[in-house]
Number of protein chains: 2
Amino acid sequence: MRRKITLKHIARELGVSISTVSKALKNSEEISRDTKDRIQAFAKLYNYKPNNIAISLKNKRTKNIGVIIPNIVHHFFTTVIRGVEKYANERGYNVIVCLSDESFDKEVINMEMLANGSIDGFIMSLSTETQAKNDYNHIKEVTSQGIPLVMFDRVTDEVECDKVIIDDKVSAYKAVKKLIDSGRRNIALINTENLSVSNARTEGYYQALQDGGIPINKDLVLTLPFESIDEAAIQHFFDTVSMDAVLCVNEIFAIYGMRVVQKKGLKIPEDVSFIGFTDGPLSKYANPSLSAVAQHGESMGAIAAQMLIDKVENEEEEEVYRTEILDSTLIERESTVN
Amino acid sequence: MRRKITLKHIARELGVSISTVSKALKNSEEISRDTKDRIQAFAKLYNYKPNNIAISLKNKRTKNIGVIIPNIVHHFFTTVIRGVEKYANERGYNVIVCLSDESFDKEVINMEMLANGSIDGFIMSLSTETQAKNDYNHIKEVTSQGIPLVMFDRVTDEVECDKVIIDDKVSAYKAVKKLIDSGRRNIALINTENLSVSNARTEGYYQALQDGGIPINKDLVLTLPFESIDEAAIQHFFDTVSMDAVLCVNEIFAIYGMRVVQKKGLKIPEDVSFIGFTDGPLSKYANPSLSAVAQHGESMGAIAAQMLIDKVENEEEEEVYRTEILDSTLIERESTVN
DNA sequence: GAATTTTACGAAAACGGTTTCGTGTTGATA
DNA sequence: TATCAACACGAAACCGTTTTCGTAAAATTC
């Protein structure tokens, strides 16, 4: 077991000082060609690589970025991570992933753990619990220490920092408008409690109906607890309410809704159109395939990473925060008529 | 912007030495009650937290574990990460995720980056390119430095380390046997090139046919390039070959296959049964829902993390390596008859 | 009251690097 | 030949901890 070699080893072995070795390996002008050659050859032979931790301590830079997300078993977050990872890697950063599991406490613990020197900055999306509690002190604590933060998707106005989001209201608006334009009048909505993005989508839904001159009917809105598939509630909803289109704030609700509707002998999209939020494999491979609002998670992740690293590397910039609003795309598939 | 406070600050502020502060905060017997109280109160007031990097350097322990996977936009790997993260977190470790993107080069770069002190050990699953190349020097390099490694799912005999896998051969065998027992005779297989797990599953498929007294017909096997959905090839396969059951080495092939079969007017499962590998949301929400071999990624991740951390923390144990073989479960849904 | 033991703290080394500054040798210049 | 700059290198500080060891002063013992 060859243990990692250090500058000290090389110095001792070659009878020079540590500083000389360090300089030689950086090809410093201060060191003679001869000595540099000897040292570089030796280092190469023993595959010397500087210790990241020591460098981090010296530079007060870890080249790690912390990503805190509520859930990783969720296609959207997964694509965001991929975007972050790809971009960060290109700029020489590693990504430490922490899952809050939609829990406030875990979010706090994870942030505190990473904030003590492990990372240069955070990228995060709020847990539902945090959004419900509306308590952001742990986050303010971190930003007040000067640690850069970029929030994405599930954000809050309570914290001043860079943000990258899609305009959920406009996205929902456009989706509903599409349904109206294709002649639908009884448009239902299945949404979720306590979630910033769900609320924004709901606003867009109402706005589109209003602008389309369609009276609002609260019976057409089914609100479910966070992403729990309450099968009975969904069944009951479709049994008691009649509609010709449904907008769902997530994929699962839509997929499950389509099942129920099909079981009732209705045709999709002829009798009922469906549009889901957050395009993922489920939408793509559903039968019929599901029209969906694509959020482009990978770009979102890459942009968040770029904003973060730019801030990390530009020391003492003026404290000005940006909110980047990304376009969403309505991907039309079999569950809607063209 | 309150910058992070250090021992040095506290020491200067209170007119004591750094060592005294350090000891006081650890409640050392060496320090008088009075002094300890003063220091602890001060530290609490300014929310002192020791710097992780400095501790890592001192202890030669980072409390980070590196996870290298080919792809994160893949439900199975996602569940594994979740398992790793949950377990690791409980034991006070953070998880650094790197994606090889199925590329040999990225796998090498990521490992080298992390191996220079950033992590205490690795958990990894091989990229297809690495498996195709059959070159594991980067991995041997790391293990020879004494860095603990646990491989999962896509493993190789070429590297000596702990492993955690499911018995893909047996799993496939059981799935095919199930099909045979339900009366199917023309059982097709859709697999993929250059992938250890796909090969093992293929072996199980052949073995089950043989043991079931069913002659092997190579026409019933369609081999596709890695996870690319060659729609034309799949279409052609189902157009030219007739079968009454299909085993697929991944979800996507199965889902897509079911589509093609349904479009041809055949009924699932009456005319053709389908079983997929790696149970995920796609299988669960497919229409009809897809029977699948569940790999229990989350347990796999948790077990891998446990093996790794145990090794990391048990310094100089005898070098004995274990391979943990997990049971898979055939989850029967609508795509097979009971 | 002298010798010894506690008590309570500080100095310094160590982890593995980087970097500033000082200095003994050269070789060139006047 | 005396002076001085250039060269090539080493000492030491520093990043933020932990930990060993040394030591004044106070307390105890005889």
# chains A, B, ... in the order shown; residues from 1 in each chain; ligands from 1
$ interface_residues --of "chain D" --to "chain B" --cutoff "8 Å" --atoms "only C-alpha atoms (C1' of nucleotides)" --output "PyMOL selection string"
chain D and resi 16-18
$ write_last_selection --atoms "C-alpha atoms (C1' of nucleotides)" --output "short mmCIF file (atom, residue, chain, number, x, y, z; two decimals), in the first residue's frame"
data_model
loop_
_atom_site.label_atom_id
_atom_site.label_comp_id
_atom_site.auth_asym_id
_atom_site.auth_seq_id
_atom_site.Cartn_x
_atom_site.Cartn_y
_atom_site.Cartn_z
"C1'" DG D 16 -7.43 26.65 11.70
"C1'" DT D 17 -7.32 23.02 14.42
"C1'" DT D 18 -5.57 19.43 18.07
#
$ residues_around --residues "A:Asn217" --least-positions-apart "4" --cutoff "9 Å" --atoms "only C-alpha atoms (C1' of nucleotides)" --output "list of chain:residue names"
A:Asn186, A:Ala188, A:Val221
$ write_last_selection --atoms "N, CA and C atoms" --output "mmCIF file, in the first residue's frame"
data_model
loop_
_atom_site.group_PDB
_atom_site.id
_atom_site.type_symbol
_atom_site.label_atom_id
_atom_site.label_comp_id
_atom_site.auth_asym_id
_atom_site.auth_seq_id
_atom_site.Cartn_x
_atom_site.Cartn_y
_atom_site.Cartn_z
ATOM 1 N N ASN A 186 -64.415 23.433 -19.714
ATOM 2 C CA ASN A 186 -64.440 22.933 -18.336
ATOM 3 C C ASN A 186 -63.070 22.396 -17.970
ATOM 4 N N ALA A 188 -60.184 21.567 -15.483
ATOM 5 C CA ALA A 188 -59.927 21.278 -14.069
ATOM 6 C C ALA A 188 -58.459 21.507 -13.735
ATOM 7 N N VAL A 221 -61.337 22.454 -9.057
ATOM 8 C CA VAL A 221 -59.982 22.433 -8.511
ATOM 9 C C VAL A 221 -59.875 21.408 -7.390
#
$ atom_distance --atom1 "atom CA of A:Ile109" --atom2 "atom CA of A:Gly146"
18.5 Å
$ closest_atom_pairs --of "chain C" --to "chain A" --cutoff "12 Å" --atoms "only C-alpha atoms (C1' of nucleotides)" --output "tab-separated table"
residue	atom	partner	partner_atom	distance
C:DC15	C1'	A:Ala54	CA	8.1
C:DG16	C1'	A:Ala54	CA	5.0
C:DG17	C1'	A:Ala54	CA	5.2
C:DT18	C1'	A:Lys58	CA	7.2
C:DT19	C1'	A:Ser19	CA	8.9
C:DT20	C1'	A:Ser19	CA	11.3
$ write_last_selection --atoms "C-alpha atoms (C1' of nucleotides)" --output "tab-separated table (two decimals), in the first residue's frame"
chain	number	residue	atom	x	y	z
C	15	DC	C1'	-1.45	18.21	9.34
C	16	DG	C1'	0.30	19.68	3.81
C	17	DG	C1'	0.60	23.08	1.30
C	18	DT	C1'	1.97	28.44	-0.53
C	19	DT	C1'	4.43	32.53	-0.33
C	20	DT	C1'	7.26	36.28	1.37
$ atom_distance --atom1 "atom CA of B:Ala302" --atom2 "atom CA of B:Arg82"
8.2 Å
$ interface_residues --of "chain B" --to "chain A" --cutoff "8 Å" --atoms "only C-alpha atoms" --output "ChimeraX atom specification"
/B:1-4,49-54,56-57,72-73,75,78-79,82,85,94-99,116-118,144-146,255-256,259,281-282,285-287
